[in-house]
file model-v3.pdb (PDB, C-alpha atoms and all ligand atoms)
ATOM      1  CA  VAL A1453    -112.232-144.310 177.999  1.00  0.00           C
ATOM      2  CA  SER A1454    -115.968-144.750 178.600  1.00  0.00           C
ATOM      3  CA  ASP A1455    -118.331-146.137 175.957  1.00  0.00           C
ATOM      4  CA  ASP A1456    -119.972-142.697 175.782  1.00  0.00           C
ATOM      5  CA  GLU A1457    -116.628-141.152 174.864  1.00  0.00           C
ATOM      6  CA  GLN A1458    -115.873-143.884 172.340  1.00  0.00           C
ATOM      7  CA  PHE A1459    -119.308-143.355 170.814  1.00  0.00           C
ATOM      8  CA  GLY A1460    -118.720-139.590 170.583  1.00  0.00           C
ATOM      9  CA  ASP A1461    -115.221-139.970 169.147  1.00  0.00           C
ATOM     10  CA  PHE A1462    -116.296-142.533 166.567  1.00  0.00           C
ATOM     11  CA  MET A1463    -119.389-140.603 165.470  1.00  0.00           C
ATOM     12  CA  GLY A1464    -117.237-137.485 165.193  1.00  0.00           C
ATOM     13  CA  SER A1465    -114.976-139.332 162.753  1.00  0.00           C
ATOM     14  CA  VAL A1466    -117.859-140.291 160.410  1.00  0.00           C
ATOM     15  CA  PRO A1467    -118.252-137.614 157.698  1.00  0.00           C
ATOM     16  CA  ARG A1468    -121.750-136.195 157.342  1.00  0.00           C
ATOM     17  CA  PRO A1469    -123.013-133.354 155.197  1.00  0.00           C
ATOM     18  CA  MET A1470    -123.795-130.222 157.184  1.00  0.00           C
ATOM     19  CA  ILE A1471    -127.025-128.260 156.862  1.00  0.00           C
ATOM     20  CA  VAL A1472    -128.470-125.042 158.223  1.00  0.00           C
ATOM     21  CA  VAL A1473    -132.077-125.292 159.406  1.00  0.00           C
ATOM     22  CA  THR A1474    -134.064-122.056 159.534  1.00  0.00           C
ATOM     23  CA  VAL A1475    -137.538-121.509 160.963  1.00  0.00           C
ATOM     24  CA  ALA A1476    -139.960-118.678 161.602  1.00  0.00           C
ATOM     25  CA  ALA A1477    -142.848-118.344 164.012  1.00  0.00           C
ATOM     26  CA  GLY A1478    -144.777-115.135 163.409  1.00  0.00           C
ATOM     27  CA  ASP A1479    -142.166-112.382 163.037  1.00  0.00           C
ATOM     28  CA  THR A1480    -139.499-114.316 164.945  1.00  0.00           C
ATOM     29  CA  ARG A1481    -136.734-116.039 162.958  1.00  0.00           C
ATOM     30  CA  ALA A1482    -134.139-118.587 164.040  1.00  0.00           C
ATOM     31  CA  GLY A1483    -131.641-120.972 162.521  1.00  0.00           C
ATOM     32  CA  CYS A1484    -128.667-123.133 163.372  1.00  0.00           C
ATOM     33  CA  MET A1485    -126.214-125.556 161.779  1.00  0.00           C
ATOM     34  CA  VAL A1486    -127.240-129.194 162.136  1.00  0.00           C
ATOM     35  CA  GLY A1487    -125.293-132.434 161.725  1.00  0.00           C
ATOM     36  CA  PHE A1488    -128.066-134.773 162.889  1.00  0.00           C
ATOM     37  CA  HIS A1489    -130.385-135.140 159.870  1.00  0.00           C
ATOM     38  CA  SER A1490    -131.490-137.611 157.214  1.00  0.00           C
ATOM     39  CA  GLN A1491    -134.122-138.491 154.649  1.00  0.00           C
ATOM     40  CA  SER A1492    -136.468-140.707 156.639  1.00  0.00           C
ATOM     41  CA  SER A1493    -139.141-141.872 154.150  1.00  0.00           C
ATOM     42  CA  ILE A1494    -139.475-142.288 150.363  1.00  0.00           C
ATOM     43  CA  ASP A1495    -143.271-142.365 150.071  1.00  0.00           C
ATOM     44  CA  PRO A1496    -144.327-139.933 151.283  1.00  0.00           C
ATOM     45  CA  PRO A1497    -141.003-138.100 151.033  1.00  0.00           C
ATOM     46  CA  GLN A1498    -139.930-137.156 154.548  1.00  0.00           C
ATOM     47  CA  TYR A1499    -136.850-135.641 156.127  1.00  0.00           C
ATOM     48  CA  ALA A1500    -135.888-135.692 159.824  1.00  0.00           C
ATOM     49  CA  VAL A1501    -133.764-133.124 161.654  1.00  0.00           C
ATOM     50  CA  TRP A1502    -132.741-133.252 165.294  1.00  0.00           C
ATOM     51  CA  LEU A1503    -132.541-129.952 167.170  1.00  0.00           C
ATOM     52  CA  SER A1504    -130.788-129.454 170.482  1.00  0.00           C
ATOM     53  CA  LYS A1505    -133.297-128.567 173.170  1.00  0.00           C
ATOM     54  CA  ALA A1506    -130.843-125.931 174.423  1.00  0.00           C
ATOM     55  CA  ASN A1507    -130.821-124.012 171.131  1.00  0.00           C
ATOM     56  CA  ARG A1508    -132.868-120.950 170.430  1.00  0.00           C
ATOM     57  CA  THR A1509    -133.773-122.567 167.110  1.00  0.00           C
ATOM     58  CA  PHE A1510    -135.498-125.406 168.981  1.00  0.00           C
ATOM     59  CA  ARG A1511    -137.596-122.954 170.976  1.00  0.00           C
ATOM     60  CA  ILE A1512    -138.813-121.173 167.828  1.00  0.00           C
ATOM     61  CA  ALA A1513    -139.177-124.462 165.871  1.00  0.00           C
ATOM     62  CA  ALA A1514    -141.610-125.680 168.518  1.00  0.00           C
ATOM     63  CA  PHE A1515    -144.063-123.059 167.186  1.00  0.00           C
ATOM     64  CA  ALA A1516    -143.068-123.196 163.478  1.00  0.00           C
ATOM     65  CA  ASP A1517    -144.913-124.945 160.639  1.00  0.00           C
ATOM     66  CA  THR A1518    -142.387-124.197 157.887  1.00  0.00           C
ATOM     67  CA  PHE A1519    -138.708-125.182 157.960  1.00  0.00           C
ATOM     68  CA  ALA A1520    -135.955-124.568 155.404  1.00  0.00           C
ATOM     69  CA  VAL A1521    -133.110-127.066 155.156  1.00  0.00           C
ATOM     70  CA  HIS A1522    -129.994-125.586 153.455  1.00  0.00           C
ATOM     71  CA  PHE A1523    -127.320-128.034 152.304  1.00  0.00           C
ATOM     72  CA  LEU A1524    -123.957-126.356 152.854  1.00  0.00           C
ATOM     73  CA  ASP A1525    -121.476-126.339 149.995  1.00  0.00           C
ATOM     74  CA  ALA A1526    -117.705-126.321 150.490  1.00  0.00           C
ATOM     75  CA  ALA A1527    -117.871-122.542 149.763  1.00  0.00           C
ATOM     76  CA  ASN A1528    -120.369-121.983 152.604  1.00  0.00           C
ATOM     77  CA  ARG A1529    -117.874-122.068 155.464  1.00  0.00           C
ATOM     78  CA  PRO A1530    -118.842-118.521 156.574  1.00  0.00           C
ATOM     79  CA  LEU A1531    -122.449-119.722 157.000  1.00  0.00           C
ATOM     80  CA  ALA A1532    -121.201-122.735 159.002  1.00  0.00           C
ATOM     81  CA  GLU A1533    -119.303-120.427 161.347  1.00  0.00           C
ATOM     82  CA  LEU A1534    -122.244-118.029 161.704  1.00  0.00           C
ATOM     83  CA  PHE A1535    -125.028-120.569 162.164  1.00  0.00           C
ATOM     84  CA  GLY A1536    -122.952-123.122 164.122  1.00  0.00           C
ATOM     85  CA  GLY A1537    -120.797-120.815 166.190  1.00  0.00           C
ATOM     86  CA  VAL A1538    -123.225-118.038 167.149  1.00  0.00           C
ATOM     87  CA  THR A1539    -126.454-118.322 169.146  1.00  0.00           C
ATOM     88  CA  GLY A1540    -129.443-116.170 168.302  1.00  0.00           C
ATOM     89  CA  ASP A1541    -129.825-115.655 172.056  1.00  0.00           C
ATOM     90  CA  GLU A1542    -126.839-113.277 171.845  1.00  0.00           C
ATOM     91  CA  ASP A1543    -126.707-111.950 168.290  1.00  0.00           C
ATOM     92  CA  ASP A1544    -129.084-111.668 165.321  1.00  0.00           C
ATOM     93  CA  LYS A1545    -127.529-114.029 162.752  1.00  0.00           C
ATOM     94  CA  PHE A1546    -129.841-112.686 160.045  1.00  0.00           C
ATOM     95  CA  ALA A1547    -128.191-109.252 160.363  1.00  0.00           C
ATOM     96  CA  HIS A1548    -124.915-110.879 159.225  1.00  0.00           C
ATOM     97  CA  CYS A1549    -125.994-112.755 156.086  1.00  0.00           C
ATOM     98  CA  ALA A1550    -128.094-112.273 152.959  1.00  0.00           C
ATOM     99  CA  TRP A1551    -131.542-113.847 153.040  1.00  0.00           C
ATOM    100  CA  HIS A1552    -135.099-113.365 151.862  1.00  0.00           C
ATOM    101  CA  ASP A1553    -138.530-114.441 153.013  1.00  0.00           C
ATOM    102  CA  GLY A1554    -139.771-117.843 151.883  1.00  0.00           C
ATOM    103  CA  PRO A1555    -143.145-119.550 152.390  1.00  0.00           C
ATOM    104  CA  GLY A1556    -144.652-118.808 155.795  1.00  0.00           C
ATOM    105  CA  GLY A1557    -141.908-116.204 156.390  1.00  0.00           C
ATOM    106  CA  VAL A1558    -139.154-118.810 156.751  1.00  0.00           C
ATOM    107  CA  PRO A1559    -135.764-117.171 156.014  1.00  0.00           C
ATOM    108  CA  LEU A1560    -133.987-118.527 152.906  1.00  0.00           C
ATOM    109  CA  LEU A1561    -130.216-117.989 152.802  1.00  0.00           C
ATOM    110  CA  ASP A1562    -129.137-116.352 149.514  1.00  0.00           C
ATOM    111  CA  ASP A1563    -125.635-117.865 149.539  1.00  0.00           C
ATOM    112  CA  CYS A1564    -126.942-121.411 149.707  1.00  0.00           C
ATOM    113  CA  GLU A1565    -128.423-122.583 146.402  1.00  0.00           C
ATOM    114  CA  ASN A1566    -129.376-126.094 147.514  1.00  0.00           C
ATOM    115  CA  ARG A1567    -132.302-125.954 149.870  1.00  0.00           C
ATOM    116  CA  ILE A1568    -135.618-127.612 150.570  1.00  0.00           C
ATOM    117  CA  THR A1569    -138.543-125.811 152.129  1.00  0.00           C
ATOM    118  CA  MET A1570    -140.608-128.198 154.212  1.00  0.00           C
ATOM    119  CA  ARG A1571    -143.654-128.379 156.427  1.00  0.00           C
ATOM    120  CA  ARG A1572    -143.544-130.030 159.811  1.00  0.00           C
ATOM    121  CA  VAL A1573    -145.630-133.215 160.161  1.00  0.00           C
ATOM    122  CA  ALA A1574    -144.439-134.568 163.533  1.00  0.00           C
ATOM    123  CA  MET A1575    -142.116-133.994 166.464  1.00  0.00           C
ATOM    124  CA  HIS A1576    -140.583-136.836 168.480  1.00  0.00           C
ATOM    125  CA  ASP A1577    -138.852-136.556 171.837  1.00  0.00           C
ATOM    126  CA  ALA A1578    -137.034-139.749 172.853  1.00  0.00           C
ATOM    127  CA  GLY A1579    -135.726-138.190 176.064  1.00  0.00           C
ATOM    128  CA  GLY A1580    -132.320-137.195 174.698  1.00  0.00           C
ATOM    129  CA  ASP A1581    -130.852-133.712 174.492  1.00  0.00           C
ATOM    130  CA  HIS A1582    -132.075-133.367 170.874  1.00  0.00           C
ATOM    131  CA  ALA A1583    -135.667-133.693 169.587  1.00  0.00           C
ATOM    132  CA  CYS A1584    -136.654-134.925 166.125  1.00  0.00           C
ATOM    133  CA  PHE A1585    -138.763-132.864 163.717  1.00  0.00           C
ATOM    134  CA  VAL A1586    -140.210-134.837 160.785  1.00  0.00           C
ATOM    135  CA  LEU A1587    -140.727-132.696 157.690  1.00  0.00           C
ATOM    136  CA  GLU A1588    -142.289-133.086 154.230  1.00  0.00           C
ATOM    137  CA  PRO A1589    -140.998-131.091 151.219  1.00  0.00           C
ATOM    138  CA  LEU A1590    -142.923-128.114 149.839  1.00  0.00           C
ATOM    139  CA  ALA A1591    -140.293-126.840 147.364  1.00  0.00           C
ATOM    140  CA  VAL A1592    -136.883-128.108 146.275  1.00  0.00           C
ATOM    141  CA  GLU A1593    -134.281-125.671 144.899  1.00  0.00           C
ATOM    142  CA  THR A1594    -130.950-126.876 143.557  1.00  0.00           C
ATOM    143  CA  GLY A1595    -127.921-125.006 142.237  1.00  0.00           C
ATOM    144  CA  SER A1596    -125.704-125.893 139.299  1.00  0.00           C
ATOM    145  CA  SER A1597    -123.094-127.850 141.223  1.00  0.00           C
ATOM    146  CA  PHE A1598    -122.901-129.114 144.779  1.00  0.00           C
ATOM    147  CA  SER A1599    -119.979-130.354 146.826  1.00  0.00           C
ATOM    148  CA  ALA A1600    -121.228-131.028 150.346  1.00  0.00           C
ATOM    149  CA  LEU A1601    -119.391-129.436 153.266  1.00  0.00           C
ATOM    150  CA  ALA A1602    -118.623-132.431 155.509  1.00  0.00           C
ATOM    151  CA  SER A1603    -118.560-132.379 159.306  1.00  0.00           C
ATOM    152  CA  THR A1604    -114.995-133.718 159.196  1.00  0.00           C
ATOM    153  CA  GLU A1605    -113.842-130.717 157.104  1.00  0.00           C
ATOM    154  CA  LEU A1606    -115.152-128.090 159.517  1.00  0.00           C
ATOM    155  CA  GLY A1607    -112.150-127.899 161.820  1.00  0.00           C
ATOM    156  CA  ASP A1608    -112.881-126.302 165.169  1.00  0.00           C
ATOM    157  CA  ILE A1609    -116.203-124.504 165.246  1.00  0.00           C
ATOM    158  CA  GLU A1610    -117.347-124.306 168.827  1.00  0.00           C
ATOM    159  CA  ALA A1611    -121.140-124.643 169.041  1.00  0.00           C
ATOM    160  CA  GLY A1612    -122.713-121.273 169.828  1.00  0.00           C
ATOM    161  CA  HIS A1613    -125.031-122.881 172.350  1.00  0.00           C
ATOM    162  CA  ALA A1614    -123.746-125.501 174.791  1.00  0.00           C
ATOM    163  CA  ALA A1615    -125.851-128.708 174.919  1.00  0.00           C
ATOM    164  CA  GLU A1616    -128.244-129.223 177.825  1.00  0.00           C
ATOM    165  CA  GLU A1617    -126.775-130.781 180.957  1.00  0.00           C
ATOM    166  CA  ARG A1618    -128.026-134.305 181.509  1.00  0.00           C
ATOM    167  CA  GLN A1619    -130.833-134.066 184.074  1.00  0.00           C
ATOM    168  CA  ARG A1620    -131.098-137.651 185.267  1.00  0.00           C
ATOM    169  CA  PRO A1621    -128.561-140.185 186.491  1.00  0.00           C
ATOM    170  CA  ARG A1622    -127.931-143.239 184.275  1.00  0.00           C
TER
HETATM  171  C1  LIG B   1    -120.258-129.525 164.001  1.00  0.00           C
HETATM  172  C2  LIG B   1    -121.547-129.053 164.653  1.00  0.00           C
HETATM  173  C3  LIG B   1    -122.686-129.846 164.563  1.00  0.00           C
HETATM  174  C4  LIG B   1    -123.891-129.420 165.154  1.00  0.00           C
HETATM  175  N1  LIG B   1    -125.012-130.214 165.063  1.00  0.00           N
HETATM  176  C5  LIG B   1    -126.177-129.774 165.618  1.00  0.00           C
HETATM  177  C6  LIG B   1    -127.377-130.557 165.488  1.00  0.00           C
HETATM  178  O1  LIG B   1    -127.396-131.639 164.888  1.00  0.00           O
HETATM  179  N2  LIG B   1    -128.521-130.062 166.034  1.00  0.00           N
HETATM  180  C7  LIG B   1    -128.544-128.864 166.702  1.00  0.00           C
HETATM  181  O2  LIG B   1    -129.615-128.464 167.160  1.00  0.00           O
HETATM  182  N3  LIG B   1    -127.421-128.124 166.865  1.00  0.00           N
HETATM  183  C8  LIG B   1    -126.243-128.549 166.337  1.00  0.00           C
HETATM  184  N4  LIG B   1    -125.110-127.803 166.469  1.00  0.00           N
HETATM  185  C9  LIG B   1    -125.101-126.632 167.376  1.00  0.00           C
HETATM  186  C10 LIG B   1    -125.728-125.357 166.849  1.00  0.00           C
HETATM  187  O3  LIG B   1    -125.509-125.166 165.460  1.00  0.00           O
HETATM  188  C11 LIG B   1    -125.128-124.147 167.626  1.00  0.00           C
HETATM  189  O4  LIG B   1    -125.152-124.376 169.021  1.00  0.00           O
HETATM  190  C12 LIG B   1    -125.847-122.851 167.289  1.00  0.00           C
HETATM  191  O5  LIG B   1    -125.017-121.788 167.682  1.00  0.00           O
HETATM  192  C13 LIG B   1    -127.214-122.734 167.962  1.00  0.00           C
HETATM  193  O6  LIG B   1    -127.798-121.494 167.619  1.00  0.00           O
HETATM  194  P1  LIG B   1    -129.205-121.020 168.223  1.00  0.00           P
HETATM  195  O7  LIG B   1    -129.072-120.998 169.720  1.00  0.00           O
HETATM  196  O8  LIG B   1    -129.392-119.666 167.614  1.00  0.00           O
HETATM  197  O9  LIG B   1    -130.235-122.003 167.781  1.00  0.00           O
HETATM  198  C14 LIG B   1    -123.915-128.191 165.859  1.00  0.00           C
HETATM  199  C15 LIG B   1    -122.765-127.380 165.913  1.00  0.00           C
HETATM  200  C16 LIG B   1    -121.597-127.800 165.318  1.00  0.00           C
HETATM  201  C17 LIG B   1    -120.377-126.908 165.396  1.00  0.00           C
END
call {"tool": "encode", "arguments": {"input": "model-v3.pdb", "output": "structure tokens"}}
result
Amino acid sequence: VSDDEQFGDFMGSVPRPMIVVTVAAGDTRAGCMVGFHSQSSIDPPQYAVWLSKANRTFRIAAFADTFAVHFLDAANRPLAELFGGVTGDEDDKFAHCAWHDGPGGVPLLDDCENRITMRRVAMHDAGGDHACFVLEPLAVETGSSFSALASTELGDIEAGHAAEERQRPR
């Protein structure tokens, strides 16, 4: 077993809350499920999300100012399957769920009460297959109760978009 495999297996065993990130650039919308994310500053409040460079969401996010981060609840499994298991390159995810326009046209998912609308302040590329978008909150919406849907409770959802192949030898 290589260290890379051990790293992947161990990280896969660590529970993390799952989110759906949505973006809009002009009239074009995109969104995907994301496990790589965290608050990254207290003052000013900042939040970081890492998007796979292979995803359609990354390509639209590159031109987007406004992002919506939806924290999935245990009842949001259908959204996890739609936004994690389907790529917008092949199907319009927004034709299969309820949503409405938020600030800057960013789509807000009606079935997800806990969400933060944010503006992008930076993008970092450390050479990996994901790039980091640093966001600052514009509006915070919370529902009555919230039980996070954890990565370890998802079962088998095959990512709708395969990750990029590694381009350089190590
Ligand atoms: C458990 C799980 C975790 C994921 N984590 C991320 C992530 O952190 N960042 C990301 O960009 N994609 C992540 N994905 C993959 C995307 O959600 C998936 O490939 C999606 O279909 C991409 O859609 P798009 O091409 O429309 O952007 C994850 C998928 C799964 C199943």
call {"tool": "closest_residue", "arguments": {"input": "model-v3.pdb", "among": "A:Met1463, A:Ala1614, A:Ala1514, A:Val1558", "to": "ligand LIG 1 (chain B)", "atoms": "only C-alpha atoms and all ligand atoms"}}
result
A:Ala1614
call {"tool": "atom_distance", "arguments": {"input": "model-v3.pdb", "atom1": "atom CA of A:Asp1543", "atom2": "atom N3 of ligand LIG 1 (chain B)"}}
result
16.3 Å
call {"tool": "residues_near_ligand", "arguments": {"input": "model-v3.pdb", "ligand": "ligand LIG 1 (chain B)", "cutoff": "7 Å", "atoms": "all atoms listed in the file", "output": "PDB file with C-alpha atoms, in the coordinates of the input"}}
result
ATOM      1  CA  ALA A1482    -134.139-118.587 164.040  1.00  0.00           C
ATOM      2  CA  GLY A1483    -131.641-120.972 162.521  1.00  0.00           C
ATOM      3  CA  CYS A1484    -128.667-123.133 163.372  1.00  0.00           C
ATOM      4  CA  MET A1485    -126.214-125.556 161.779  1.00  0.00           C
ATOM      5  CA  VAL A1486    -127.240-129.194 162.136  1.00  0.00           C
ATOM      6  CA  GLY A1487    -125.293-132.434 161.725  1.00  0.00           C
ATOM      7  CA  PHE A1488    -128.066-134.773 162.889  1.00  0.00           C
ATOM      8  CA  HIS A1489    -130.385-135.140 159.870  1.00  0.00           C
ATOM      9  CA  TRP A1502    -132.741-133.252 165.294  1.00  0.00           C
ATOM     10  CA  LEU A1503    -132.541-129.952 167.170  1.00  0.00           C
ATOM     11  CA  SER A1504    -130.788-129.454 170.482  1.00  0.00           C
ATOM     12  CA  ASN A1507    -130.821-124.012 171.131  1.00  0.00           C
ATOM     13  CA  ARG A1508    -132.868-120.950 170.430  1.00  0.00           C
ATOM     14  CA  THR A1509    -133.773-122.567 167.110  1.00  0.00           C
ATOM     15  CA  PHE A1510    -135.498-125.406 168.981  1.00  0.00           C
ATOM     16  CA  PHE A1535    -125.028-120.569 162.164  1.00  0.00           C
ATOM     17  CA  GLY A1536    -122.952-123.122 164.122  1.00  0.00           C
ATOM     18  CA  GLY A1537    -120.797-120.815 166.190  1.00  0.00           C
ATOM     19  CA  VAL A1538    -123.225-118.038 167.149  1.00  0.00           C
ATOM     20  CA  THR A1539    -126.454-118.322 169.146  1.00  0.00           C
ATOM     21  CA  GLY A1540    -129.443-116.170 168.302  1.00  0.00           C
ATOM     22  CA  ASP A1541    -129.825-115.655 172.056  1.00  0.00           C
ATOM     23  CA  HIS A1582    -132.075-133.367 170.874  1.00  0.00           C
ATOM     24  CA  SER A1603    -118.560-132.379 159.306  1.00  0.00           C
ATOM     25  CA  LEU A1606    -115.152-128.090 159.517  1.00  0.00           C
ATOM     26  CA  ILE A1609    -116.203-124.504 165.246  1.00  0.00           C
ATOM     27  CA  GLU A1610    -117.347-124.306 168.827  1.00  0.00           C
ATOM     28  CA  ALA A1611    -121.140-124.643 169.041  1.00  0.00           C
ATOM     29  CA  GLY A1612    -122.713-121.273 169.828  1.00  0.00           C
ATOM     30  CA  HIS A1613    -125.031-122.881 172.350  1.00  0.00           C
ATOM     31  CA  ALA A1614    -123.746-125.501 174.791  1.00  0.00           C
TER      32      ALA A1614
END
call {"tool": "residues_around", "arguments": {"input": "model-v3.pdb", "residues": "A:Leu1587", "least_positions_apart": "5", "cutoff": "10 Å", "atoms": "only C-alpha atoms", "output": "NGL selection string"}}
result
:A and (1491-1493 or 1497-1501 or 1517-1521 or 1569-1575)
call {"tool": "axis_aligned_box", "arguments": {"input": "model-v3.pdb", "around": "stretch 1560-1572 of chain A", "padding_each_side": "8 Å", "output": "lines of an AutoDock Vina configuration file"}}
result
center_x = -134.6
center_y = -123.2
center_z = 153.1
size_x = 34.0
size_y = 29.7
size_z = 29.4
call {"tool": "atom_distance", "arguments": {"input": "model-v3.pdb", "atom1": "atom CA of A:Phe1462", "atom2": "atom CA of A:Ala1526"}}
result
22.9 Å
call {"tool": "closest_residue", "arguments": {"input": "model-v3.pdb", "among": "A:Arg1468, A:Arg1511, A:Arg1567, A:His1576", "to": "A:Arg1481", "atoms": "all atoms listed in the file"}}
result
A:Arg1511
call {"tool": "residues_around", "arguments": {"input": "model-v3.pdb", "residues": "A:Leu1560", "least_positions_apart": "6", "cutoff": "8 Å", "atoms": "all atoms listed in the file", "output": "number ranges by chain"}}
result
A: 1474, 1520, 1551-1554
call {"tool": "resolve_selection", "arguments": {"input": "model-v3.pdb", "expression": "the PyMOL selection byres (((chain A and resi 1476) around 7) and not hetatm)", "output": "PyMOL selection string"}}
result
chain A and resi 1475+1477-1482+1512+1516+1557-1558
call {"tool": "closest_residue", "arguments": {"input": "model-v3.pdb", "among": "A:Val1473, A:Leu1524, A:Ala1550, A:Cys1564", "to": "A:Ala1600", "atoms": "all atoms listed in the file"}}
result
A:Leu1524
call {"tool": "decode", "arguments": {"input": "model-v3.pdb", "residues": "stretch 1569-1615 of chain A", "atoms": "C-alpha atoms", "output": "PDB file, in the first residue's frame"}}
result
ATOM      1  CA  THR A1569     -24.034  33.556   0.301  1.00  0.00           C
ATOM      2  CA  MET A1570     -20.489  34.797  -0.140  1.00  0.00           C
ATOM      3  CA  ARG A1571     -18.321  36.951  -2.348  1.00  0.00           C
ATOM      4  CA  ARG A1572     -15.020  35.721  -3.685  1.00  0.00           C
ATOM      5  CA  VAL A1573     -11.925  37.535  -2.363  1.00  0.00           C
ATOM      6  CA  ALA A1574      -9.099  35.293  -3.627  1.00  0.00           C
ATOM      7  CA  MET A1575      -8.256  32.148  -5.556  1.00  0.00           C
ATOM      8  CA  HIS A1576      -5.206  30.003  -4.792  1.00  0.00           C
ATOM      9  CA  ASP A1577      -3.748  27.276  -6.979  1.00  0.00           C
ATOM     10  CA  ALA A1578      -1.106  25.183  -5.198  1.00  0.00           C
ATOM     11  CA  GLY A1579      -0.615  22.920  -8.212  1.00  0.00           C
ATOM     12  CA  GLY A1580      -2.963  20.161  -7.061  1.00  0.00           C
ATOM     13  CA  ASP A1581      -6.058  18.887  -8.828  1.00  0.00           C
ATOM     14  CA  HIS A1582      -8.263  21.227  -6.738  1.00  0.00           C
ATOM     15  CA  ALA A1583      -8.005  25.038  -6.458  1.00  0.00           C
ATOM     16  CA  CYS A1584      -8.970  27.083  -3.399  1.00  0.00           C
ATOM     17  CA  PHE A1585     -11.540  29.890  -3.510  1.00  0.00           C
ATOM     18  CA  VAL A1586     -11.515  32.187  -0.460  1.00  0.00           C
ATOM     19  CA  LEU A1587     -14.920  33.714   0.253  1.00  0.00           C
ATOM     20  CA  GLU A1588     -16.394  36.314   2.626  1.00  0.00           C
ATOM     21  CA  PRO A1589     -20.038  36.103   3.805  1.00  0.00           C
ATOM     22  CA  LEU A1590     -22.716  38.412   2.402  1.00  0.00           C
ATOM     23  CA  ALA A1591     -25.780  36.750   3.985  1.00  0.00           C
ATOM     24  CA  VAL A1592     -26.241  33.866   6.412  1.00  0.00           C
ATOM     25  CA  GLU A1593     -29.511  31.888   6.440  1.00  0.00           C
ATOM     26  CA  THR A1594     -30.157  29.161   8.988  1.00  0.00           C
ATOM     27  CA  GLY A1595     -33.057  26.753   9.447  1.00  0.00           C
ATOM     28  CA  SER A1596     -34.673  25.604  12.671  1.00  0.00           C
ATOM     29  CA  SER A1597     -32.589  22.483  13.184  1.00  0.00           C
ATOM     30  CA  PHE A1598     -29.496  21.124  11.491  1.00  0.00           C
ATOM     31  CA  SER A1599     -27.951  17.678  11.523  1.00  0.00           C
ATOM     32  CA  ALA A1600     -25.009  17.702   9.126  1.00  0.00           C
ATOM     33  CA  LEU A1601     -24.838  15.034   6.426  1.00  0.00           C
ATOM     34  CA  ALA A1602     -21.362  13.536   6.943  1.00  0.00           C
ATOM     35  CA  SER A1603     -19.091  12.238   4.188  1.00  0.00           C
ATOM     36  CA  THR A1604     -18.934   8.887   5.993  1.00  0.00           C
ATOM     37  CA  GLU A1605     -22.748   8.520   5.822  1.00  0.00           C
ATOM     38  CA  LEU A1606     -22.975   9.006   2.061  1.00  0.00           C
ATOM     39  CA  GLY A1607     -22.376   5.420   0.996  1.00  0.00           C
ATOM     40  CA  ASP A1608     -21.377   5.040  -2.632  1.00  0.00           C
ATOM     41  CA  ILE A1609     -21.958   8.179  -4.652  1.00  0.00           C
ATOM     42  CA  GLU A1610     -19.663   8.095  -7.635  1.00  0.00           C
ATOM     43  CA  ALA A1611     -18.434  11.607  -8.478  1.00  0.00           C
ATOM     44  CA  GLY A1612     -20.161  12.882 -11.615  1.00  0.00           C
ATOM     45  CA  HIS A1613     -16.883  14.229 -12.940  1.00  0.00           C
ATOM     46  CA  ALA A1614     -13.686  12.182 -12.686  1.00  0.00           C
ATOM     47  CA  ALA A1615     -10.706  14.087 -11.195  1.00  0.00           C
TER      48      ALA A1615
END
